[in-house]
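J.: This is data.txt, which holds compact mmCIF, C-alpha atoms:
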# COMPACT_ATOMS: atom_id res chain seq x y z
CA MET D 1 97.49 122.62 90.75
CA LEU D 2 96.78 120.20 87.90
CA ALA D 3 97.95 120.75 84.33
CA ALA D 4 99.28 118.98 81.19
CA SER D 5 97.02 116.16 80.06
CA LEU D 6 98.21 112.59 79.52
CA SER D 7 97.81 113.04 75.75
CA SER D 8 100.81 115.36 75.75
CA CYS D 9 103.12 112.61 77.01
CA VAL D 10 104.77 109.66 75.28
CA ASP D 11 105.94 106.11 76.03
CA THR D 12 102.65 105.18 77.66
CA LYS D 13 102.01 101.67 78.97
CA LYS D 14 98.53 101.17 80.40
CA ASN D 15 97.00 97.95 81.68
CA GLN D 16 93.82 97.35 83.65
CA SER D 17 92.86 93.86 84.77
CA ASP D 18 91.43 91.65 87.51
CA ASN D 19 93.49 89.45 89.86
CA ALA D 20 92.20 86.73 92.19
CA MET D 21 92.38 87.75 95.86
CA GLY D 22 90.66 84.83 97.61
CA THR D 23 87.37 84.16 99.34
CA VAL D 24 86.08 85.35 102.68
CA GLU D 25 83.25 83.38 104.28
CA PRO D 26 81.54 85.41 107.01
CA GLU D 27 79.33 83.97 109.69
CA ALA D 28 75.58 84.27 109.13
CA THR D 29 75.98 85.97 105.75
CA GLU D 30 76.70 85.00 102.18
CA VAL D 31 80.13 84.03 100.86
CA ILE D 32 81.99 86.97 99.35
CA THR D 33 84.79 86.46 96.81
CA TYR D 34 87.32 89.25 96.21
CA LYS D 35 89.39 89.99 93.11
CA ALA D 36 91.80 92.85 92.49
CA LYS D 37 91.07 95.49 89.90
CA GLU D 38 94.37 96.77 88.58
CA LEU D 39 95.58 99.80 86.69
CA HIS D 40 99.23 100.45 85.78
CA LEU D 41 100.64 103.58 84.14
CA ALA D 42 104.25 104.20 83.11
CA GLN D 43 104.96 107.52 81.42
CA ASN D 44 107.92 109.53 80.14
CA VAL D 45 107.19 113.22 80.52
CA ILE D 46 109.70 114.43 77.87
CA GLU D 47 109.93 112.58 74.57
CA ASN D 48 113.05 110.42 74.07
CA GLN D 49 114.25 110.98 77.64
CA GLU D 50 114.30 108.33 80.35
CA THR D 51 113.63 110.95 82.99
CA PRO D 52 111.57 112.72 84.13
CA SER D 53 108.96 109.96 84.31
CA TYR D 54 106.39 108.45 86.62
CA LYS D 55 104.78 105.14 87.53
CA ILE D 56 101.29 104.73 88.96
CA ASP D 57 99.97 101.39 90.20
CA PHE D 58 96.59 100.48 91.68
CA GLU D 59 95.53 97.04 92.89
CA ILE D 60 92.23 97.28 94.74
CA ALA D 61 90.22 94.19 95.72
CA TYR D 62 86.47 94.23 95.12
CA ALA D 63 83.66 91.80 95.83
CA GLN D 64 82.78 89.80 92.72
CA GLU D 65 79.24 88.61 93.40
CA GLU D 66 76.25 90.34 91.80
CA THR D 67 74.30 90.37 95.06
CA GLU D 68 73.00 93.42 96.88
CA LEU D 69 75.45 92.82 99.74
CA ALA D 70 78.46 92.60 97.41
CA GLN D 71 77.42 95.77 95.62
CA GLU D 72 77.07 97.62 98.92
CA ILE D 73 80.52 96.42 100.02
CA ASN D 74 81.97 97.74 96.76
CA LYS D 75 80.29 101.11 97.27
CA THR D 76 81.87 101.26 100.73
CA ILE D 77 85.32 100.41 99.35
CA THR D 78 85.08 102.96 96.53
CA SER D 79 83.78 105.69 98.81
CA SER D 80 86.44 105.05 101.46
CA VAL D 81 89.43 104.58 99.14
CA PHE D 82 88.67 107.20 96.50
CA HIS D 83 86.43 109.58 98.48
CA THR D 84 83.83 109.62 95.74
CA ASP D 85 80.28 108.36 95.32
CA GLY D 86 78.39 107.39 92.19
CA LEU D 87 81.34 105.98 90.25
CA GLU D 88 81.97 102.37 89.34
CA ALA D 89 85.22 100.84 90.59
CA GLU D 90 87.06 101.14 87.26
CA GLN D 91 85.91 104.73 86.83
CA ALA D 92 87.05 105.70 90.33
CA ILE D 93 90.48 104.12 89.81
CA GLN D 94 90.92 105.76 86.40
CA HIS D 95 89.77 109.15 87.68
CA MET D 96 92.31 109.14 90.52
CA ALA D 97 95.09 107.80 88.28
CA ASP D 98 94.48 110.57 85.72
CA SER D 99 94.48 113.24 88.45
CA ILE D 100 97.78 111.96 89.86
CA ALA D 101 99.29 111.69 86.36
CA ASN D 102 98.36 115.28 85.53
CA GLU D 103 99.81 116.56 88.80
CA PHE D 104 103.00 114.51 88.42
CA THR D 105 103.44 115.76 84.85
CA GLN D 106 103.18 119.39 85.87
CA ASP D 107 105.47 119.03 88.89
CA LEU D 108 108.10 117.13 86.89
CA ARG D 109 108.08 119.60 84.01
CA GLU D 110 108.41 122.56 86.38
CA GLY D 111 111.04 121.01 88.64
CA TYR D 112 113.25 119.12 86.19
CA GLU D 113 116.88 120.28 86.00
CA PRO D 114 118.57 118.51 83.04
CA ASP D 115 122.07 119.38 84.31
CA GLU D 116 121.55 117.37 87.50
CA GLU D 117 122.19 113.96 85.92
CA SER D 118 123.49 112.48 89.16
CA PHE D 119 120.10 113.19 90.72
CA LYS D 120 117.95 111.81 87.90
CA ASN D 121 116.35 109.25 90.25
CA GLN D 122 114.74 112.24 91.94
CA TYR D 123 112.72 112.75 88.78
CA VAL D 124 111.04 109.34 88.74
CA PHE D 125 107.83 109.75 90.71
CA GLU D 126 105.88 106.75 91.96
CA TRP D 127 102.41 106.16 93.38
CA VAL D 128 101.35 102.71 94.58
CA MET D 129 98.02 101.90 96.23
CA THR D 130 96.73 98.48 97.25
CA GLY D 131 93.53 97.40 98.97
CA GLU D 132 92.80 93.89 100.21
CA PRO D 133 90.46 92.10 102.62
CA ILE D 134 91.68 90.66 105.91
CA GLU D 135 90.58 87.23 107.06
CA PHE D 136 87.53 87.99 109.15
CA PRO D 137 88.64 88.91 112.70
CA LEU D 138 85.18 89.10 114.28
CA PRO D 139 81.80 87.57 113.46
CA ASN D 140 80.03 89.76 110.91
CA VAL D 141 82.92 92.25 110.56
CA GLN D 142 85.14 92.29 107.46
CA GLY D 143 88.53 93.94 107.86
CA TYR D 144 90.11 95.67 104.87
CA THR D 145 93.59 97.19 104.50
CA ILE D 146 94.55 100.09 102.23
CA ARG D 147 98.25 100.86 101.72
CA ARG D 148 99.69 103.83 99.86
CA GLU D 149 103.32 104.56 98.97
CA VAL D 150 104.34 107.75 97.20
CA PHE D 151 107.71 109.10 96.05
CA GLN D 152 108.01 112.63 94.62
CA GLY D 153 111.71 113.30 94.96
CA GLY D 154 113.37 114.35 98.19
CA PRO D 155 115.22 112.23 100.75
CA HIS D 156 112.39 109.72 101.18
CA GLY D 157 108.91 108.81 100.06
CA SER D 158 105.75 108.63 102.12
CA HIS D 159 103.72 105.64 103.20
CA ASP D 160 100.32 105.32 104.83
CA ILE D 161 98.05 102.55 106.00
CA PHE D 162 94.29 102.79 106.48
CA TYR D 163 91.80 100.26 107.78
CA LEU D 164 88.15 99.70 106.96
CA ASN D 165 85.75 97.65 109.05
CA ILE D 166 82.78 96.50 106.98
CA ASP D 167 79.53 95.14 108.38
CA ARG D 168 79.08 91.73 106.74
CA LYS D 169 75.30 91.93 106.89
CA THR D 170 74.82 95.41 105.44
CA GLY D 171 78.07 96.11 103.58
CA LYS D 172 78.33 99.49 105.33
CA ARG D 173 81.45 100.81 107.00
CA VAL D 174 81.64 100.37 110.77
CA THR D 175 82.71 103.74 112.19
CA ALA D 176 83.87 104.93 115.59
CA SER D 177 80.34 106.15 116.36
CA ASP D 178 79.07 102.61 115.75
CA VAL D 179 81.59 101.12 118.19
CA PHE D 180 81.93 103.59 121.06
CA VAL D 181 79.32 104.92 123.47
CA GLU D 182 78.51 108.56 122.82
CA GLY D 183 80.74 110.90 124.82
CA SER D 184 83.30 108.20 125.65
CA ILE D 185 86.05 109.20 123.19
CA PRO D 186 88.01 111.36 125.71
CA GLU D 187 88.26 108.34 128.03
CA VAL D 188 89.38 106.13 125.13
CA VAL D 189 92.07 108.68 124.25
CA GLN D 190 93.33 108.58 127.84
CA LEU D 191 93.56 104.79 127.63
CA MET D 192 95.55 105.13 124.41
CA LYS D 193 97.91 107.60 126.03
CA GLN D 194 98.44 105.37 129.06
CA LYS D 195 99.16 102.40 126.77
CA LEU D 196 101.83 104.39 124.94
CA LEU D 197 103.41 105.49 128.21
CA THR D 198 103.49 101.90 129.47
CA ASP D 199 104.76 100.40 126.21
CA ASN D 200 107.56 102.97 125.97
CA GLN D 201 108.40 102.91 129.70
CA CYS D 202 107.66 106.60 130.16
CA GLU D 203 106.20 108.43 133.15
CA THR D 204 104.94 111.59 131.42
CA GLU D 205 103.86 112.78 128.00
CA GLU D 206 106.92 115.06 127.88
CA GLU D 207 109.18 112.05 128.38
CA LEU D 208 107.25 110.20 125.67
CA GLN D 209 107.78 113.08 123.26
CA ASP D 210 111.51 113.25 124.00
CA LYS D 211 111.94 109.51 123.64
CA THR D 212 109.71 108.74 120.64
CA GLY D 213 108.47 111.99 119.08
CA ILE D 214 104.88 110.89 119.68
CA THR D 215 102.43 113.84 120.07
CA LEU D 216 105.08 116.35 118.99
CA LEU D 217 102.94 117.23 115.95
CA GLY D 218 99.48 116.71 117.39
CA GLU D 219 97.37 115.18 120.11
CA LEU D 220 95.99 111.65 120.08
CA PHE D 221 92.53 111.32 118.57
CA VAL D 222 89.97 108.71 117.59
CA GLU D 223 88.59 108.76 114.07
CA ASN D 224 87.93 105.83 111.73
CA ASN D 225 91.44 104.49 111.07
CA PHE D 226 91.24 101.46 113.33
CA LEU D 227 90.89 97.70 112.95
CA LEU D 228 88.53 95.49 114.92
CA ASP D 229 90.13 92.11 115.55
CA THR D 230 89.84 89.16 117.91
CA ASP D 231 91.99 90.78 120.62
CA GLY D 232 90.55 94.26 120.61
CA ILE D 233 90.99 97.42 118.56
CA LEU D 234 94.16 98.46 116.73
CA PHE D 235 94.45 102.25 116.24
CA ILE D 236 96.80 103.57 113.56
CA PHE D 237 98.52 106.96 113.21
CA ASN D 238 100.44 107.55 110.00
CA PRO D 239 103.64 109.63 109.76
CA TYR D 240 103.10 113.36 110.40
CA GLU D 241 99.65 112.89 111.97
CA ILE D 242 100.90 113.13 115.55
CA ALA D 243 104.66 112.58 115.20
CA PRO D 244 107.57 113.21 112.78
CA TYR D 245 108.37 110.87 109.89
CA SER D 246 111.24 109.39 111.89
CA SER D 247 108.75 108.02 114.43
CA GLY D 248 107.22 105.79 111.73
CA THR D 249 103.69 104.43 111.80
CA ILE D 250 102.33 104.43 115.35
CA SER D 251 99.99 101.63 116.39
CA ILE D 252 98.11 101.29 119.66
CA ARG D 253 96.20 98.14 120.56
CA LEU D 254 93.58 98.21 123.31
CA GLY D 255 91.87 94.99 124.38
CA PHE D 256 88.10 94.69 124.45
CA ASP D 257 88.35 94.00 128.18
CA VAL D 258 90.01 97.40 128.73
CA LEU D 259 87.47 99.15 126.50
CA LYS D 260 84.39 97.32 127.82
CA ASN D 261 82.80 100.30 129.57
CA TYR D 262 83.04 102.42 126.43
CA LEU D 263 81.74 99.94 123.86
CA LYS D 264 78.24 99.71 122.50
CA PRO D 265 76.36 96.43 123.19
CA ASP D 266 77.23 94.83 119.84
CA PHE D 267 80.91 94.92 120.80
CA GLN D 268 80.73 94.39 124.57
CA GLN D 269 80.15 90.70 123.88
CA PHE D 270 83.82 90.35 122.86
CA ALA D 271 85.17 91.77 126.12
As structure tokens, please, write out the structure in this file.
T.:
Amino acid sequence: MLAASLSSCVDTKKNQSDNAMGTVEPEATEVITYKAKELHLAQNVIENQETPSYKIDFEIAYAQEETELAQEINKTITSSVFHTDGLEAEQAIQHMADSIANEFTQDLREGYEPDEESFKNQYVFEWVMTGEPIEFPLPNVQGYTIRREVFQGGPHGSHDIFYLNIDRKTGKRVTASDVFVEGSIPEVVQLMKQKLLTDNQCETEEELQDKTGITLLGELFVENNFLLDTDGILFIFNPYEIAPYSSGTISIRLGFDVLKNYLKPDFQQFA
């Protein structure tokens, strides 16, 4: 539930700027230069009190060129990071920052206990999100990493990592349906499971669960959180997706040679 607008708070420091992020030169397409668009908020929720308070930081890299390709890449980034269409980069960042700020303000006001001075660090909420390009791993595929770290009190914060794969010629996101032959996902999942068993020296899924916690909270799946690179495909599962927080971020790398029978022609060439 969202409540309490930013205008009701004090001690506001807001800054939005661009930072250089480097240049990526894809094969057979134009050069794309990336720079980070930043937004930083620091807010005290109660006037003249250090806590409760929150900090919100965004640093998301966007293509700088005015070309059609660069604009399409930026649409893909905005859509994937902020789950919205039709907004410019700055608008999307500001919209999400305001939503988080409103939610943080309400939660802090409702949950703050002024007598618990020894626990005042629990009342400093933080949200950090970064997005940056990866040096191109494959011809005509741009990798992109999104990282998010959030603390809202409690024994620990949360952290997630997401990957985008962007077609360098069209600027569109490369999805699982673009990479894998239709109907092949169950076989890919079995390969993932076997890789986990081998890597963790386990004979059965039950042993894997007991040893690592993997699949205690859910079965393996294939969606769009993967990275295409020179060696194959890296699949990522964030905490709580298939395993407890204590299991950390789970990564599974399958080589193109192993996946060859399940790849569409554009990707079989790398096997």
J.: Residues at most 12 Å from D:Val128, counting all atoms listed in the file, excluding those fewer than 6 positions away in the same chain, as a list of chain:residue names?
T.: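 The residues satisfying every condition are D:Glu38, D:Leu39, D:His40, D:Leu41, D:Ala42, D:Tyr54, D:Lys55, D:Ile56, D:Asp57, D:Phe58, D:Glu59, D:Ile60, D:Ile93, D:Met96, D:Ala97, D:Ile100, D:Ile146, D:Arg147, D:Arg148, D:Glu149, D:Val150, D:Phe151, D:Gln152, D:Gly157, D:Ser158, D:His159, D:Asp160, D:Ile161.
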J.: Quick one: of D:Ile250, D:Val189, D:Cys202, D:Ile73, who's nearest to D:Asn165, counting only C-alpha atoms?
T.: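 Selected residue with least distance to D:Asn165: D:Ile73.
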J.: Between D:Glu110, D:Lys37, D:Leu220, D:Gln49, which is the closest to D:Lys195 once you count only C-alpha atoms?
T.: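 Smallest distance to D:Lys195 is found for D:Leu220.
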J.: What does the distance from atom CA of D:Asp107 to atom CA of D:Met129 come to in Å, to one decimal?
T.: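 Pair atom CA of D:Asp107 / atom CA of D:Met129 returns 20.1 Å.
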J.: Give me, please, the distance in Å between atom CA of D:Val222 and atom CA of D:Leu138, quoted to one decimal.
T.: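 Value for the atom CA of D:Val222-atom CA of D:Leu138 distance: 20.5 Å.
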J.: As a CSV table (one decimal) with C-alpha atoms, in the frame of the given file, please: the residues near D:Ala61 (cut-off 10 Å, only C-alpha atoms, same-chain neighbours under 2 positions excluded).
T.:
chain,number,residue,atom,x,y,z
D,18,ASP,CA,91.4,91.6,87.5
D,19,ASN,CA,93.5,89.4,89.9
D,20,ALA,CA,92.2,86.7,92.2
D,21,MET,CA,92.4,87.8,95.9
D,22,GLY,CA,90.7,84.8,97.6
D,33,THR,CA,84.8,86.5,96.8
D,34,TYR,CA,87.3,89.2,96.2
D,35,LYS,CA,89.4,90.0,93.1
D,36,ALA,CA,91.8,92.8,92.5
D,37,LYS,CA,91.1,95.5,89.9
D,38,GLU,CA,94.4,96.8,88.6
D,58,PHE,CA,96.6,100.5,91.7
D,59,GLU,CA,95.5,97.0,92.9
D,63,ALA,CA,83.7,91.8,95.8
D,64,GLN,CA,82.8,89.8,92.7
D,74,ASN,CA,82.0,97.7,96.8
D,77,ILE,CA,85.3,100.4,99.4
D,89,ALA,CA,85.2,100.8,90.6
D,130,THR,CA,96.7,98.5,97.2
D,131,GLY,CA,93.5,97.4,99.0
D,132,GLU,CA,92.8,93.9,100.2
D,133,PRO,CA,90.5,92.1,102.6
D,144,TYR,CA,90.1,95.7,104.9
D,145,THR,CA,93.6,97.2,104.5
D,146,ILE,CA,94.6,100.1,102.2
